[in-house]
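Student: Below you will find the structure I want to go over with you.
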Protein chains: 4
Amino acid sequence: MTNSSSKRIKVGIVGGTGYTGVELLRMLAQHPNAQLTSITSRKEDGMLVAEMFPNLRGHVDLAFSSPDRANLTDCDVVFFATPHGVAMAQAPELLAANVRIIDLAADFRLQDVSVFEQWYKIPHTCPDVLASSAYGLVELNRRAIEQARVVGNPGCYPTTVLLGLAPLLGGAPLIDTTDIIADAKSGVSGAGRKAEVSTLFSEASDNFKAYGVAGHRHHPEIKAQLDQLAGSDVGLTFVPHLVPMIRGMFSTIYTRILPEARDVDFQALFEARYANEPFVDVMPAGSLPETRSVRASNTLRIALQRPGNGDRLIILVVQDNLVKGAAGQAIQNMNLMFGLPETTGLNQVAILP
Amino acid sequence: MTNSSSKRIKVGIVGGTGYTGVELLRMLAQHPNAQLTSITSRKEDGMLVAEMFPNLRGHVDLAFSSPDRANLTDCDVVFFATPHGVAMAQAPELLAANVRIIDLAADFRLQDVSVFEQWYKIPHTCPDVLASSAYGLVELNRRAIEQARVVGNPGCYPTTVLLGLAPLLGGAPLIDTTDIIADAKSGVSGAGRKAEVSTLFSEASDNFKAYGVAGHRHHPEIKAQLDQLAGSDVGLTFVPHLVPMIRGMFSTIYTRILPEARDVDFQALFEARYANEPFVDVMPAGSLPETRSVRASNTLRIALQRPGNGDRLIILVVQDNLVKGAAGQAIQNMNLMFGLPETTGLNQVAILP
Amino acid sequence: MTNSSSKRIKVGIVGGTGYTGVELLRMLAQHPNAQLTSITSRKEDGMLVAEMFPNLRGHVDLAFSSPDRANLTDCDVVFFATPHGVAMAQAPELLAANVRIIDLAADFRLQDVSVFEQWYKIPHTCPDVLASSAYGLVELNRRAIEQARVVGNPGCYPTTVLLGLAPLLGGAPLIDTTDIIADAKSGVSGAGRKAEVSTLFSEASDNFKAYGVAGHRHHPEIKAQLDQLAGSDVGLTFVPHLVPMIRGMFSTIYTRILPEARDVDFQALFEARYANEPFVDVMPAGSLPETRSVRASNTLRIALQRPGNGDRLIILVVQDNLVKGAAGQAIQNMNLMFGLPETTGLNQVAILP
Amino acid sequence: MTNSSSKRIKVGIVGGTGYTGVELLRMLAQHPNAQLTSITSRKEDGMLVAEMFPNLRGHVDLAFSSPDRANLTDCDVVFFATPHGVAMAQAPELLAANVRIIDLAADFRLQDVSVFEQWYKIPHTCPDVLASSAYGLVELNRRAIEQARVVGNPGCYPTTVLLGLAPLLGGAPLIDTTDIIADAKSGVSGAGRKAEVSTLFSEASDNFKAYGVAGHRHHPEIKAQLDQLAGSDVGLTFVPHLVPMIRGMFSTIYTRILPEARDVDFQALFEARYANEPFVDVMPAGSLPETRSVRASNTLRIALQRPGNGDRLIILVVQDNLVKGAAGQAIQNMNLMFGLPETTGLNQVAILP
């Protein structure tokens with residue numbers, strides 16, 4: 001039907017051969033208002049997408065095309081599921097053609113260019129675009145995203161830590177913001193679909209380890225947002241770990257309740273804060289979340305624990321790192337940017353077992 | 001909207017605390033023409049379904065109710081996700097109330113009552129209902145299912161072996177039907193959600209084994225259907241194995257091509273046979289299927305291999321044992337029985353990675 | 001050779017059907033100074049041990065015997081790999097027969113009987129034996145263990161947390177002992193070989209969760225030892241998590257360095273403290289340990305991290321929960337109690353990959 | 001002790017950065033008659049072996065050295081844990097220096113040079129050495145190995161299939177040798193420690209697939225040995241599959257009993273054949289082997305099944321692909337070649353769970 005198809009958002013994906021790429025494809029293939037128009041890969045030019053990702057057989061008929069033949073300027077929106085640096089290189093041309101951009105890499109996550117350059121070791125080539133871009137954590141930044149032409153989709157770890165802490169920041173002082181610990185655990189898909197020894201099955205299976213303790217790129221991203229939420233300089237210790245599972249992220253966040261906040265009903269506070277959020281589930285008091293409860297869905301779940309009713313408030317947050325932590329959140333951003341109901345195409349139930 | 005909701009099929013589930021139960025719930029919660037009405041569990045009476053299966057939080061509001069309070073006779077259809085023997089005990093009452101039945105256990109899979117009783121060690125209490133029931137393998141039995149009031153949903157192994165062999169049987173002789181080998185491999189969820197030592201993580205993980213070699217209940221089920229398809233007594237060797245993965249089933253079927261069939265184009269034969277089947281995917285020549293390509297979807301994929309172009313035809317079949325091998329197939333049956341398009345509510349894309 | 005065999009320690013095991021039991025058997029079968037004499041199981045009386053644990057075929061010829069026929073009083077030492085409460089019930093009779101006892105459950109871990117009774121919900125039936133028992137963490141308590149007739153083998157979590165913190169406690173003040181966080185992660189075998197839904201493969205695989213946040217039995221055990229090491233009341237937050245792997249334990253311990261200790265060389269401190277310990281490996285500065293590096297071995301590895309050279313000292317500790325966290329440590333205790341070199345029978349290299 | 005150390009076999013390893021390399025190191029580090037002398041890696045020259053493989057910390061002090069500095073000609077024996085083609089390039093020089101060679105790659109597995117060149121796509125550079133080499137499957141070829149200066153260590157799949165079939169071949173006709181099927185399953189470590197997308201954790205975990213169906217290099221190796229054992233042209237269908245576990249190999253071998261052999265006691269036949277083999281365990285009648293029962297040990301277990309006492313004899317074989325399927329078997333060969341008891345250094349008990 002010409003009419004309805006003409007109303008569909010024309011979507012391009014740059015760099016669709018990784019895990020965020022296949023997740024975008026899986027979800028967009030079933031999105032009622034999106035039309036997959038092109039997906040680029042220099043290396044796999046001409047290969048059917050469904051040949052690389054056999055789960056898409058029968059659902060996605062597109063072939064990869066090389067970037068120069070992709071006609072991305074005909075799209076309404078382009079997702080970048082690429083290494084850092086690619087989106088900012090192509091942003092000016094796309095913006096000139098009135099195409100909106102959602103970058104799943106880091107080019108538009110850090111407003112401070114010097115911090116970006118320090119951690120990503122490349123110069124930022126379009127600080128003006130960066131300045132006008134929005135940080136795509138919908139629950140914290142909805143208004144800006146609705147107006148944005150460029151959205152920097154948050155990192156997976158930041159999504160869990162920020163949504164886990166946001167209700168505690170920015171109002172009356174509740175926790176000691178100088179000393180927050182986030183002990184975070186991620187499934188292996190977070191490392192991407194790159195051929196590397198360290199993420200081989202025989203290396204990563206039946207094993208548990210920490211990594212990036214000396215410094216992880218998501219640390220400055222989390223801190224920048226926390227500082228803004230708190231209106232002060234937040235002290236954050238962040239230790240990521242690798243879990244032998246494909247998908248899933250679990251953050252255990254340790255905060256210290258301020259003496260003046262000891263009588264606050266934190267459960268009620270969190271429930272109120274997220275009452276109208278379709279993708280944030282504050283679990284009942286006493287709950288313990290599991291990553292599988294959100295597997296392949298866009299839901300993020302939060303539970304609070306306060307052992308012995310003492311002054312340690314522990315926030316437990318789970319998400320699927322590839323969905324709410326990446327592709328799902330990107331589509332949530334797209335929905336907002338194009339005036340669609342936020343949940344459009346994102347209501348999949350998590351897969352359990 | 002009263003109108004549309006009055007058109008929804010009222011669905012009851014008996015025994016919803018296992019893995020086929022939660023899969024039925026996951027898929028029915030998003031089925032546009034189904035309305036979950038009641039779900040029974042004697043043991044968990046009153047417990048919210050979403051408390052046991054946290055993936056359903058926000059999608060299913062029902063609580064388990066004890067069977068006596070469940071008013072199943074008000075339903076249009078009742079699924080039995082129970083141990084063997086439960087469906088046949090309740091069938092007469094439900095049928096009298098004009099309720100249709102889809103049994104995911106074995107009560108209505110074997111038309112020969114003596115074979116049933118030999119393998120399941122319980123008497124069959126309603127052979128007349130059995131006689132009028134349909135074997136719910138849609139691709140082989142569509143017309144009968146459309147008319148049936150009782151459907152016996154196939155076992156998971158039989159689904160793969162039967163769909164893998166069906167194109168070779170019943171027409172001109174193509175393979176030696178006296179000597180077929182099915183070497184089958186299943187994920188651990190096939191053993192159900194029962195507390196047992198042998199399926200503990202620490203027992204089943206990082207391990208591979210065969211089981212049931214001396215005799216598995218799916219053997220007579222497969223053989224009965226093969227005999228019927230072939231119109232003769234089929235010789236079948238069936239060896240199931242347990243794979244350290246949650247979902248997924250892989251059957252490697254070894255057949256011997258008859259001399260007179262050596263020039264048959266088997267690839268074309270299979271493609272033609274399943275050309276119009278929405279849930280059977282005959283992969284391109286030379287393909288090798290993977291279980292993850294169908295994870296959490298109702299698709300079954302088949303690939304053919306003929307090493308050295310010799311007289312061994314090897315058929316490789318994958319499915320998700322909980323979906324096409326159980327709950328998805330049951331809903332496919334429901335769609336047929338109620339005159340809905342067969343794919344209604346079953347178009348989920350497989351989850352990869 | 002009569003002579004050498006007469007010098008072997010006669011070993012009995014009570015409750016050998018769990019994972020600590022099979023580990024004891026595996027390691028004792030190759031211990032040059034131990035002779036497996038009897039292993040009890042009321043339920044499996046008469047069954048060959050190697051039938052239940054096929055890895056022992058060809059290595060262990062014993063059958064399980066019911067406790068009443070086991071003649072444990074003829075042993076030199078009896079290991080209890082049983083639920084809590086069994087060892088203390090049998091201790092008086094065995095001690096009267098001059099048999100030494102190593103309990104792998106909790107009966108002799110907590111000197112404060114009221115704390116024991118509060119957490120384990122059973123009365124302690126032999127507080128006098130408890131008073132004379134030794135806490136079997138060799139590296140902290142070697143002299144007492146050498147003299148002990150009863151040893152309470154430490155819990156798995158306590159072993160990692162205590163060895164991770166010991167070098168920091170008891171001397172000049174180095175860290176804020178009022179606020180220590182131990183974020184601990186364990187493989188599933190820590191839950192034992194009991195038929196339970198929550199540790200089924202299909203529940204625990206491809207999943208990550210916290211548990212026991214509101215209170216875990218290892219918390220009071222850790223705290224009691226820390227208080228003693230520190231000579232003061234230590235503040236400990238302890239959150240255990242479940243990792244989808246069979247073996248392995250990883251504790252991430254967060255401490256705050258006191259201002260007066262900012263110039264301490266913690267790496268040197270740890271290296272000096274454990275220089276002569278055969279089973280504690282302080283890894284080089286900057287290392288990140290992995291659980292697989294100790295899989296199936298009695299080694300515990302420690303690495304220190306001090307992000308940004310700030311005042312957070314993070315101690316990362318790995319062990320195999322079934323070996324250094326249970327059976328290996330128990331044999332290490334036995335070696336000490338019988339005057340053998342501590343490493344006898346414990347030099348297995350970890351299995352990687 | 002100068003005396004005993006002077007009696008130790010000086011061992012070199014070429015290419016020790018893969019999984020067979022680390023297994024050789026793990027086992028040789030504890031071998032009472034072996035002395036690790038050098039281990040080469042061009043890429044990792046100077047790196048401590050224990051830095052790459054942290055399980056070896058405290059057990060192996062060697063560093064990798066570049067091949068030109070390795071002085072391999074001073075060794076008594078050199079193991080090649082390298083890609084195909086390396087051993088044959090270095091064999092002449094080593095043999096001239098009186099060094100024995102055990103190749104874990106394929107250079108000395110196939111006596112027919114044309115078959116080698118067809119499957120491995122490289123010319124064979126020393127057919128004379130090949131002609132004098134022995135195929136290192138000890139249980140079939142003990143005498144030749146004892147005399148050999150060069151041993152071609154068998155492939156992992158061939159070890160299971162050949163030991164599973166050997167008792168049935170070469171004597172009175174027992175099975176139809178024109179039609180044998182080996183449906184084989186391997187853990188992922190069999191693919192080696194190479195950075196490849198297809199063996200990433202996120203690709204291989206929670207998945208099952210066949211591979212190499214159109215032709216696998218182990219096929220001609222198995223067939224050559226079977227032909228020799230049977231004294232005739234054996235028909236073999238061989239389908240390998242990939243199992244989401246690190247270690248372990250399971251072969252399900254389907255044979256057809258000849259009419260004249262229907263009354264043979266196959267269980268007794270197998271037990272008699274392997275009665276004196278320390279590393280082959282014929283399990284009791286009715287057993288079903290599991291890969292974990294041999295994890296990290298040099299034992300291979302065989303069980304027989306004959307469903308319905310019919311004419312299908314199914315042989316189930318398990319081994320650890322890295323031990324009996326590679327490094328353990330290589331050390332077994334070394335023991336034989338140097339006149340040591342065959343089991344020296346190879347008595348590790350399998351790790352379960």
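Naming works like this for the structure tokens: A, B, ... for the chains as they're shown, residue 1 at the start of each chain, ligands 1 onward in shown order.
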Among segment 87-268 of chain B, which residues does DSSP mark as strand (DSSP E) when it is run on the backbone? Keep the chain and numbering as in the structure and answer as a PyMOL selection string.
Tutor: chain B and resi 100-103+134-135+150-152+180-187+209-210+236-243+249-256
Student: Give me the residues within 6 Å of segment 144-146 of chain A as an mmCIF file with N, CA and C atoms, in the first residue's frame, counting only C-alpha atoms and dropping any in the same chain fewer than 5 places off.
Tutor:
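Printed below is selection37.cif as written:
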data_model
loop_
_atom_site.group_PDB
_atom_site.id
_atom_site.type_symbol
_atom_site.label_atom_id
_atom_site.label_comp_id
_atom_site.auth_asym_id
_atom_site.auth_seq_id
_atom_site.Cartn_x
_atom_site.Cartn_y
_atom_site.Cartn_z
ATOM 1 N N ALA A 134 22.212 15.218 21.165
ATOM 2 C CA ALA A 134 21.608 14.861 22.456
ATOM 3 C C ALA A 134 22.158 13.526 22.921
ATOM 4 N N LEU A 336 11.219 8.410 19.372
ATOM 5 C CA LEU A 336 11.041 9.768 19.911
ATOM 6 C C LEU A 336 11.322 10.826 18.852
ATOM 7 N N MET A 337 12.404 10.652 18.125
ATOM 8 C CA MET A 337 12.823 11.657 17.150
ATOM 9 C C MET A 337 11.804 11.820 16.025
#
Student: Show me which bits of chain A are within 12 Å of chain D, counting only C-alpha atoms, as a ChimeraX atom specification.
Tutor: /A:17-19,52-53,187-207,242-248,322,353
Student: Emit the selected residues as a short mmCIF file (atom, residue, chain, number, x, y, z; two decimals), in the first residue's frame, including N, CA and C atoms.
Tutor:
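This is the output file out34.cif:
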data_model
loop_
_atom_site.label_atom_id
_atom_site.label_comp_id
_atom_site.auth_asym_id
_atom_site.auth_seq_id
_atom_site.Cartn_x
_atom_site.Cartn_y
_atom_site.Cartn_z
N THR A 17 27.56 -5.48 10.39
CA THR A 17 28.04 -6.86 10.51
C THR A 17 28.36 -7.27 11.94
N GLY A 18 28.11 -6.38 12.89
CA GLY A 18 28.38 -6.71 14.28
C GLY A 18 27.11 -7.07 15.03
N TYR A 19 27.23 -7.23 16.33
CA TYR A 19 26.07 -7.67 17.10
C TYR A 19 25.03 -6.58 17.27
N MET A 52 24.90 -13.94 6.40
CA MET A 52 25.76 -13.78 7.58
C MET A 52 24.99 -14.07 8.87
N PHE A 53 23.75 -13.65 8.92
CA PHE A 53 22.94 -13.82 10.13
C PHE A 53 21.71 -14.67 9.78
N GLY A 187 27.89 -9.74 29.76
CA GLY A 187 28.03 -10.87 28.87
C GLY A 187 29.05 -10.58 27.78
N VAL A 188 29.50 -11.63 27.11
CA VAL A 188 30.63 -11.51 26.19
C VAL A 188 30.28 -10.77 24.90
N SER A 189 29.00 -10.75 24.55
CA SER A 189 28.65 -10.06 23.30
C SER A 189 28.99 -8.58 23.36
N GLY A 190 29.14 -8.04 24.56
CA GLY A 190 29.55 -6.65 24.70
C GLY A 190 30.89 -6.36 24.05
N ALA A 191 31.70 -7.40 23.88
CA ALA A 191 33.01 -7.21 23.24
C ALA A 191 32.91 -7.19 21.73
N GLY A 192 31.73 -7.45 21.21
CA GLY A 192 31.54 -7.35 19.76
C GLY A 192 31.90 -8.60 19.01
N ARG A 193 31.70 -8.52 17.71
CA ARG A 193 31.90 -9.68 16.82
C ARG A 193 33.22 -9.52 16.08
N LYS A 194 34.28 -9.39 16.85
CA LYS A 194 35.62 -9.26 16.26
C LYS A 194 36.39 -10.54 16.56
N ALA A 195 37.19 -10.96 15.62
CA ALA A 195 38.02 -12.14 15.83
C ALA A 195 39.14 -11.81 16.80
N GLU A 196 39.01 -12.24 18.04
CA GLU A 196 40.03 -11.99 19.05
C GLU A 196 40.18 -13.22 19.93
N VAL A 197 41.42 -13.50 20.32
CA VAL A 197 41.65 -14.68 21.16
C VAL A 197 40.89 -14.56 22.49
N SER A 198 40.90 -13.38 23.09
CA SER A 198 40.39 -13.28 24.46
C SER A 198 38.89 -13.55 24.58
N THR A 199 38.17 -13.45 23.48
CA THR A 199 36.73 -13.74 23.57
C THR A 199 36.36 -15.02 22.83
N LEU A 200 37.34 -15.86 22.53
CA LEU A 200 37.02 -17.18 22.00
C LEU A 200 36.21 -17.97 23.04
N PHE A 201 35.40 -18.88 22.54
CA PHE A 201 34.64 -19.73 23.46
C PHE A 201 35.55 -20.41 24.47
N SER A 202 36.68 -20.95 23.98
CA SER A 202 37.53 -21.73 24.88
C SER A 202 38.29 -20.86 25.87
N GLU A 203 38.29 -19.55 25.67
CA GLU A 203 38.91 -18.64 26.62
C GLU A 203 37.89 -18.07 27.60
N ALA A 204 36.72 -17.73 27.08
CA ALA A 204 35.76 -16.97 27.89
C ALA A 204 34.75 -17.86 28.61
N SER A 205 34.59 -19.09 28.12
CA SER A 205 33.62 -19.98 28.75
C SER A 205 34.17 -20.51 30.06
N ASP A 206 33.27 -20.83 30.98
CA ASP A 206 33.68 -21.43 32.26
C ASP A 206 34.79 -20.60 32.92
N ASN A 207 34.65 -19.30 32.86
CA ASN A 207 35.68 -18.39 33.38
C ASN A 207 35.01 -17.10 33.82
N LEU A 242 33.76 -9.73 33.12
CA LEU A 242 33.23 -10.48 31.98
C LEU A 242 32.59 -11.78 32.46
N VAL A 243 31.33 -11.98 32.08
CA VAL A 243 30.56 -13.15 32.51
C VAL A 243 30.42 -14.13 31.34
N PRO A 244 30.60 -15.42 31.58
CA PRO A 244 30.43 -16.38 30.49
C PRO A 244 28.97 -16.60 30.10
N MET A 245 28.40 -15.57 29.53
CA MET A 245 27.05 -15.67 28.95
C MET A 245 27.07 -14.75 27.73
N ILE A 246 26.18 -14.99 26.79
CA ILE A 246 26.21 -14.18 25.58
C ILE A 246 25.72 -12.77 25.85
N ARG A 247 24.49 -12.67 26.34
CA ARG A 247 23.86 -11.38 26.56
C ARG A 247 23.59 -11.16 28.05
N GLY A 248 23.50 -9.92 28.41
CA GLY A 248 23.10 -9.60 29.76
C GLY A 248 24.14 -8.73 30.43
N LEU A 322 22.72 -5.76 24.54
CA LEU A 322 22.54 -5.49 23.10
C LEU A 322 21.21 -4.79 22.80
N PRO A 353 13.20 -19.79 29.42
CA PRO A 353 14.63 -19.91 29.69
C PRO A 353 15.41 -19.68 28.39
#
Student: Got a sec: who's within 6 Å of His241 of chain D, counting only C-alpha atoms, leaving out chain neighbours fewer than 5 positions off, as a PDB file with C-alpha atoms, in the first residue's frame?
Tutor:
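In the end it all went to part.pdb:
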ATOM      1  CA  LYS D 185      30.876 -34.275  18.271  1.00  0.00           C
ATOM      2  CA  LYS D 209      25.961 -27.246  14.396  1.00  0.00           C
ATOM      3  CA  ALA D 210      27.556 -29.684  11.984  1.00  0.00           C
ATOM      4  CA  TYR D 211      30.593 -28.678   9.958  1.00  0.00           C
TER       5      TYR D 211
END
Student: For atom CA of Ala230 of chain C and atom CA of Ala148 of chain C, determine how far apart the two atoms are, in Å to one decimal place.
Tutor: 23.6 Å
Student: Calculate how many Å separate atom CA of Asn98 of chain B from atom CA of Lys10 of chain B, rounding to one decimal.
Tutor: 12.4 Å
Student: I'd like the interatomic distance between atom CA of Asn55 of chain B and atom CA of Gly345 of chain B, to a tenth of an Å.
Tutor: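 Value for the atom CA of Asn55 of chain B-atom CA of Gly345 of chain B distance: 17.9 Å.
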